[in-house]
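Note sheet for the following structure.
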There are 2 protein chains.
Amino acid sequence: MKLIDVANKAGVSVTTVSRVLNGDQNVKTSTRTRVQRAMQDLKYYPNLHARSLARGQSKTLGVLVSNLDNPFFLDIYRRFEALALGSGYDTVVSATHYHPDQLRASLRSMLGRRVAGIAAFVSEMEPSLIDELSHVEIPVVFYDVGRVGKRITNIRSNYQQGMRQLVEHLRMLGHRRMAFIAYPLALQPTEERRTTFLEVTEQLGVSAHVVLAHSEEFSGGRSATRELLSSGFEPTAILCVNDITAVGVLKELHEQGVLVPQQISVAGFDNILLGQFTIPSLTTIHIPRDRIAELAFQALAPSWPNHAKQGQEVLVDLELILRKSTAPPPTESA
Amino acid sequence: MKLIDVANKAGVSVTTVSRVLNGDQNVKTSTRTRVQRAMQDLKYYPNLHARSLARGQSKTLGVLVSNLDNPFFLDIYRRFEALALGSGYDTVVSATHYHPDQLRASLRSMLGRRVAGIAAFVSEMEPSLIDELSHVEIPVVFYDVGRVGKRITNIRSNYQQGMRQLVEHLRMLGHRRMAFIAYPLALQPTEERRTTFLEVTEQLGVSAHVVLAHSEEFSGGRSATRELLSSGFEPTAILCVNDITAVGVLKELHEQGVLVPQQISVAGFDNILLGQFTIPSLTTIHIPRDRIAELAFQALAPSWPNHAKQGQEVLVDLELILRKSTAPPPTESA
DNA sequence: TTGAAAGCGGTACCAG
DNA sequence: CTGGTACCGCTTTCAA
């Protein structure tokens, strides 16, 4: 079922059909109706490939995400998609599962699709890929990786500021021995959280200890906690690279009969919805995902109000969210 | 950067470039190398739209999901995508957020993209849409909605069998008053869970009570629980339409000081990963998502081992997963 | 082993 | 207000 079939059925030219298809006003109402009827009767819908080919561009935005399992990324994507949809853009996502190869493949596929722009919320972005992207003629926006360039916008979280708030809060409560559960992969953003933790604890004079989770899942938090508890460090507070990990920590502590927050305080990072429903609810650092998604979209969509954002670096501030998983440490009577 | 640019640079015709692009063996090795060099130098990557247009089909499978926030759907999608990728298919997802309009739009977009097949894991599929789909010339597979047709495969969960196991288990434990927290939307699959609950409890002679959550999120479980506790029904076990809801229930009960499972048992449905990390871990019904994804893929991919599945209805059995959130009810000494 | 040329299904410019 | 037609970039006969 093609344009010409509709044209024949309606007794007009393909041009006219194309016009009504695209809402061109220069079509007599009676003709328009006739064409629309024909389209319906034939159950016609346009071939998007032909259209994009002819137009030379595709009103599609590509979104790259490391991991859709983490609600953090999903939240960003959802908001981004909503904005895109609202402006008539289609959206195509690809989860790379932290594999540079998969990332490369997804990227090629998107470029092949001639997307109008690419938003990359991935942690495994390699320099070579960033290079490759900077030669491309479409706008690109990175989150937490990459660098600013001609058409490249960069959004970054102010980890320093966020982590400081959290550590200061805990210190204020009286904590002096804090552990950090880090990610197993050497990914820029998560590495940054770890190093920031180390810096801040050093500055504030609290003793710090880092242990690596060996999975990005809940279970990573669990096993890391086991390891931590038998390490001899005896932290009074455990900070986690993200909320998912913290859920695992909470679970393991509960199984071991350790009370949170009475005996050990726990904090997450990201502020995913689940954190409000854990037992106890989770103190965490909020990363404003809606705002990040909005900034990203603005950087990709031309003719957007404050589209000026393109080609810049934007630093996003984080916010400490206090809930029930943190409290003063037990008084050391020993 | 187009085919012809590469051809010029390499001093061959576009045909030849196309050949090396598609791995055609009838190209002299030296020529092939020259062309490949040219492609690299020019950072060429093919325009997928032109390709699909010329080929008349697109090695892309469309996946429709109600809601990516629910790990249940995400798990299915992840597996499906992996299989597709393994067979050289691209995949495009669309979350409909339970809106028939959004579903319709996504469907059109996919058909416009001339996908090679569509897998619909959506609850809001309307009869009219199913009709529309049956006229399309590509294979389609539905999960929990729709009906079998020429190129239409149907996968269904055996809710009857799953729900019966759960209710029997609880009855065996001694429970006689069970409440069910249902979904707010009138969606076929979730409705089915509700009615099945009612049937089974009736058959087993246990008194039943249904309360509607007013959100599909964790919070829906929380508020429904509040409502339930003040309803006077006093259930000894609460069954939930899914695990997400159950997490909210667990939270609310904990806040109210009700011990799970000592005072009230709680069960979920779906068996998402999170259920292993709740406090207490969640008894639930496992729906074999991997298998569902595999069946779906088989139904769409031609030249697949047991591709015979197409145009059939497949019923998938569920499995009771016993964890720590269910136990005998408190002995009524009153 | 290579190339010329006819589409694929739309879009958009140029006439009328 | 409507139609003719030259592309868009790649695939695929058909010939050489």
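Starting from 1 in every chain, residues are counted up; chains themselves are A, B, ... following the order of the structure tokens, and ligands are numbered from 1 as listed.
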
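Chains of identical sequence, chain A and chain B give a C-alpha root-mean-square deviation of 0.1 Å after superposition over all matched alpha carbons.
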
Residue hits in chain B, query chain C, radius 9 Å, only C-alpha atoms (C1' of nucleotides), as a PyMOL selection string: chain B and resi 12-16+26-28+50+52-56

Can I get the selected residues back with N, CA and C atoms, as a short mmCIF file (atom, residue, chain, number, x, y, z; two decimals), in the first residue's frame?
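The result, stored in out.cif:
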```
data_model
loop_
_atom_site.label_atom_id
_atom_site.label_comp_id
_atom_site.auth_asym_id
_atom_site.auth_seq_id
_atom_site.Cartn_x
_atom_site.Cartn_y
_atom_site.Cartn_z
N VAL B 12 35.97 2.50 -7.76
CA VAL B 12 35.12 1.39 -8.22
C VAL B 12 33.69 1.90 -8.35
N SER B 13 32.78 1.01 -8.68
CA SER B 13 31.39 1.43 -8.80
C SER B 13 30.66 1.24 -7.47
N VAL B 14 29.52 1.87 -7.36
CA VAL B 14 28.75 1.72 -6.13
C VAL B 14 28.36 0.27 -5.92
N THR B 15 28.12 -0.41 -6.99
CA THR B 15 27.75 -1.82 -6.87
C THR B 15 28.80 -2.58 -6.08
N THR B 16 30.03 -2.34 -6.44
CA THR B 16 31.10 -3.05 -5.75
C THR B 16 31.15 -2.68 -4.28
N ASN B 26 31.99 -12.41 -4.09
CA ASN B 26 32.48 -12.19 -5.44
C ASN B 26 33.17 -10.83 -5.62
N VAL B 27 34.15 -10.60 -4.81
CA VAL B 27 34.92 -9.36 -4.95
C VAL B 27 36.39 -9.73 -4.75
N LYS B 28 37.19 -9.26 -5.67
CA LYS B 28 38.61 -9.59 -5.56
C LYS B 28 39.13 -9.03 -4.24
N ALA B 50 17.79 4.21 3.53
CA ALA B 50 17.93 3.88 2.11
C ALA B 50 17.99 2.37 1.96
N SER B 52 16.80 -0.06 3.98
CA SER B 52 15.52 -0.74 4.19
C SER B 52 14.57 -0.46 3.04
N LEU B 53 14.64 0.76 2.55
CA LEU B 53 13.74 1.09 1.46
C LEU B 53 14.04 0.21 0.25
N ALA B 54 15.30 0.10 -0.05
CA ALA B 54 15.68 -0.70 -1.21
C ALA B 54 15.37 -2.18 -0.98
N ARG B 55 15.64 -2.63 0.22
CA ARG B 55 15.41 -4.04 0.50
C ARG B 55 13.93 -4.37 0.67
N GLY B 56 13.18 -3.37 1.06
CA GLY B 56 11.75 -3.63 1.23
C GLY B 56 11.42 -4.26 2.57
#
```

Separating atom CA of B:Ile285 from atom CA of B:Phe121, to the nearest tenth of an Å, is a gap of 18.5 Å

Using only C-alpha atoms (C1' of nucleotides), select each residue of chain D with any atom at most 10 Å away from an atom of chain A, and give the selection as a list in words. DC1, DT2, DG3, DG4, DC7, DC8 and DG9 of chain D

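Comparing the minimum interatomic distances between chain B and each of A:Leu48, A:Ala293, A:Val167, A:Leu322, counting only C-alpha atoms, we find that A:Leu48 sits nearest.
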
As a PyMOL selection string, please: the residues near A:Ile244 (cut-off 8 Å, only C-alpha atoms (C1' of nucleotides), same-chain neighbours under 6 positions excluded). chain A and resi 70+216-218+221+268

Prev. selection, N, CA and C atoms, output as a PDB file, in the first residue's frame:
```pdb
ATOM      1  N   ASN A  70      18.488  -0.118  36.046  1.00  0.00           N
ATOM      2  CA  ASN A  70      18.603   0.854  37.110  1.00  0.00           C
ATOM      3  C   ASN A  70      17.595   1.965  36.865  1.00  0.00           C
ATOM      4  N   GLU A 216      26.531  -5.123  39.889  1.00  0.00           N
ATOM      5  CA  GLU A 216      25.835  -3.838  39.938  1.00  0.00           C
ATOM      6  C   GLU A 216      24.420  -4.016  40.468  1.00  0.00           C
ATOM      7  N   GLU A 217      24.124  -5.219  40.881  1.00  0.00           N
ATOM      8  CA  GLU A 217      22.782  -5.523  41.334  1.00  0.00           C
ATOM      9  C   GLU A 217      22.652  -5.432  42.856  1.00  0.00           C
ATOM     10  N   PHE A 218      21.447  -5.678  43.332  1.00  0.00           N
ATOM     11  CA  PHE A 218      21.212  -5.724  44.767  1.00  0.00           C
ATOM     12  C   PHE A 218      22.232  -6.617  45.443  1.00  0.00           C
ATOM     13  N   GLY A 221      25.527  -5.338  46.764  1.00  0.00           N
ATOM     14  CA  GLY A 221      25.496  -4.676  48.058  1.00  0.00           C
ATOM     15  C   GLY A 221      25.552  -5.682  49.187  1.00  0.00           C
ATOM     16  N   GLY A 268      22.422   5.920  50.482  1.00  0.00           N
ATOM     17  CA  GLY A 268      22.519   5.556  49.067  1.00  0.00           C
ATOM     18  C   GLY A 268      22.967   6.738  48.239  1.00  0.00           C
TER      19      GLY A 268
END
```

Dump as a tab-separated table the rows for residues of chain A within 8 Å of chain B: closest atom pair and distance in Å with one decimal, only C-alpha atoms counted, ordered by chain and rising residue number.
```
residue	atom	partner	partner_atom	distance
A:Tyr45	CA	B:Gly112	CA	6.2
A:Pro46	CA	B:Gly112	CA	5.7
A:Asn47	CA	B:Gly112	CA	4.8
A:Leu48	CA	B:Gly112	CA	5.1
A:His49	CA	B:His49	CA	4.6
A:Ala50	CA	B:Leu53	CA	6.0
A:Ser52	CA	B:His49	CA	6.7
A:Leu53	CA	B:His49	CA	5.9
A:Leu68	CA	B:Leu74	CA	7.8
A:Asp69	CA	B:Pro71	CA	7.2
A:Pro71	CA	B:Asp69	CA	7.2
A:Leu74	CA	B:Asp69	CA	7.3
A:Val92	CA	B:Val92	CA	6.8
A:Val93	CA	B:Val93	CA	7.6
A:Arg108	CA	B:Tyr45	CA	7.2
A:Ser109	CA	B:Leu48	CA	7.9
A:Leu111	CA	B:Tyr45	CA	7.6
A:Gly112	CA	B:Asn47	CA	4.8
A:Arg113	CA	B:Leu48	CA	5.3
A:Arg114	CA	B:Asn47	CA	7.0
A:Phe218	CA	B:Phe277	CA	7.3
A:Val247	CA	B:Phe277	CA	7.2
A:Gly248	CA	B:Phe277	CA	6.5
A:Lys251	CA	B:Phe277	CA	5.9
A:His254	CA	B:Ile279	CA	7.8
A:Leu274	CA	B:Phe218	CA	7.8
A:Phe277	CA	B:Lys251	CA	5.9
A:Thr278	CA	B:Lys251	CA	7.0
A:Ile279	CA	B:Lys251	CA	6.8
```

Which polymer residues have any atom within 7 Å of an atom of B:Ala267, counting only C-alpha atoms (C1' of nucleotides), with same-chain residues fewer than 5 positions away left out, as a ChimeraX atom specification? /B:238-240,246,282-284,325-326

Those in stretch 43-259 of chain B with alpha helix (DSSP H) from DSSP, as a PyMOL selection string: chain B and resi 48-55+71-86+100-112+127-135+159-173+188-203+218-229+243-255

Just list the residues in stretch 217-303 of chain A DSSP gives strand (DSSP E) on the backbone, as an MDAnalysis selection string. chainID A and resid 237:240 265:267 284:286

Distance query B:Leu129 at most 10 Å, only C-alpha atoms (C1' of nucleotides), self and fewer than 6 positions along chain excluded, as a list of chain:residue names: B:Pro100, B:Leu103, B:Arg104, B:Leu107, B:Gly146

Selection export as a PDB file, in the first residue's frame, atoms kept: C-alpha atoms:
```
ATOM      1  CA  PRO B 100      -4.394   3.057  24.131  1.00  0.00           C
ATOM      2  CA  LEU B 103      -0.187   2.276  21.862  1.00  0.00           C
ATOM      3  CA  ARG B 104      -1.856   3.157  18.613  1.00  0.00           C
ATOM      4  CA  LEU B 107       2.066   0.713  16.499  1.00  0.00           C
ATOM      5  CA  GLY B 146      -5.362 -10.869  21.918  1.00  0.00           C
TER       6      GLY B 146
END
```

So that I can check the surroundings of stretch 261-263 of chain B, please list as a list in words every protein, DNA and RNA residue that reaches within 9 Å of it, counting only C-alpha atoms (C1' of nucleotides) and ignoring chain neighbours fewer than 6 positions away. Thr236, Ala237, Pro280, Lys324, Ser325, Thr326, Ala327, Pro328, Pro329 and Pro330 of chain B

Would you output that residue set with C-alpha atoms, as a compact mmCIF listing (two decimals), in the first residue's frame?
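Dumped everything to out12.txt:
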```txt
# COMPACT_ATOMS: atom_id res chain seq x y z
CA THR B 236 -4.55 -12.89 57.83
CA ALA B 237 -2.99 -12.89 54.38
CA PRO B 280 11.13 -10.13 54.69
CA LYS B 324 9.75 -15.54 54.20
CA SER B 325 6.68 -13.37 53.89
CA THR B 326 4.18 -16.14 54.41
CA ALA B 327 3.65 -18.29 57.51
CA PRO B 328 0.80 -19.68 59.54
CA PRO B 329 -1.62 -17.04 60.82
CA PRO B 330 -1.52 -16.10 64.49
```

Contacts of B:Ile287 within 8 Å, only C-alpha atoms (C1' of nucleotides), excl. fewer than 3 positions in-chain, as an NGL selection string: :B and (157 or 269-271 or 317-319)

Saved selection, atoms kept: N, CA and C atoms, as a PDB file, in the first residue's frame:
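Final output, saved to out.pdb:
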```pdb
ATOM      1  N   SER B 157      -0.434 -16.739  30.352  1.00  0.00           N
ATOM      2  CA  SER B 157       0.001 -17.300  31.624  1.00  0.00           C
ATOM      3  C   SER B 157      -1.159 -18.106  32.189  1.00  0.00           C
ATOM      4  N   PHE B 269       3.317 -11.319  43.115  1.00  0.00           N
ATOM      5  CA  PHE B 269       3.016 -12.007  41.862  1.00  0.00           C
ATOM      6  C   PHE B 269       4.004 -11.478  40.831  1.00  0.00           C
ATOM      7  N   ASP B 270       4.663 -12.339  40.130  1.00  0.00           N
ATOM      8  CA  ASP B 270       5.623 -12.017  39.059  1.00  0.00           C
ATOM      9  C   ASP B 270       6.999 -12.584  39.346  1.00  0.00           C
ATOM     10  N   ASN B 271       7.416 -12.445  40.611  1.00  0.00           N
ATOM     11  CA  ASN B 271       8.767 -12.837  41.006  1.00  0.00           C
ATOM     12  C   ASN B 271       9.845 -11.987  40.363  1.00  0.00           C
ATOM     13  N   ASP B 317       2.943 -22.240  32.284  1.00  0.00           N
ATOM     14  CA  ASP B 317       2.658 -22.539  33.688  1.00  0.00           C
ATOM     15  C   ASP B 317       3.473 -21.679  34.632  1.00  0.00           C
ATOM     16  N   LEU B 318       2.884 -21.399  35.772  1.00  0.00           N
ATOM     17  CA  LEU B 318       3.549 -20.560  36.762  1.00  0.00           C
ATOM     18  C   LEU B 318       4.028 -21.414  37.920  1.00  0.00           C
ATOM     19  N   GLU B 319       4.805 -20.816  38.765  1.00  0.00           N
ATOM     20  CA  GLU B 319       5.408 -21.597  39.833  1.00  0.00           C
ATOM     21  C   GLU B 319       5.391 -20.829  41.146  1.00  0.00           C
TER      22      GLU B 319
END
```
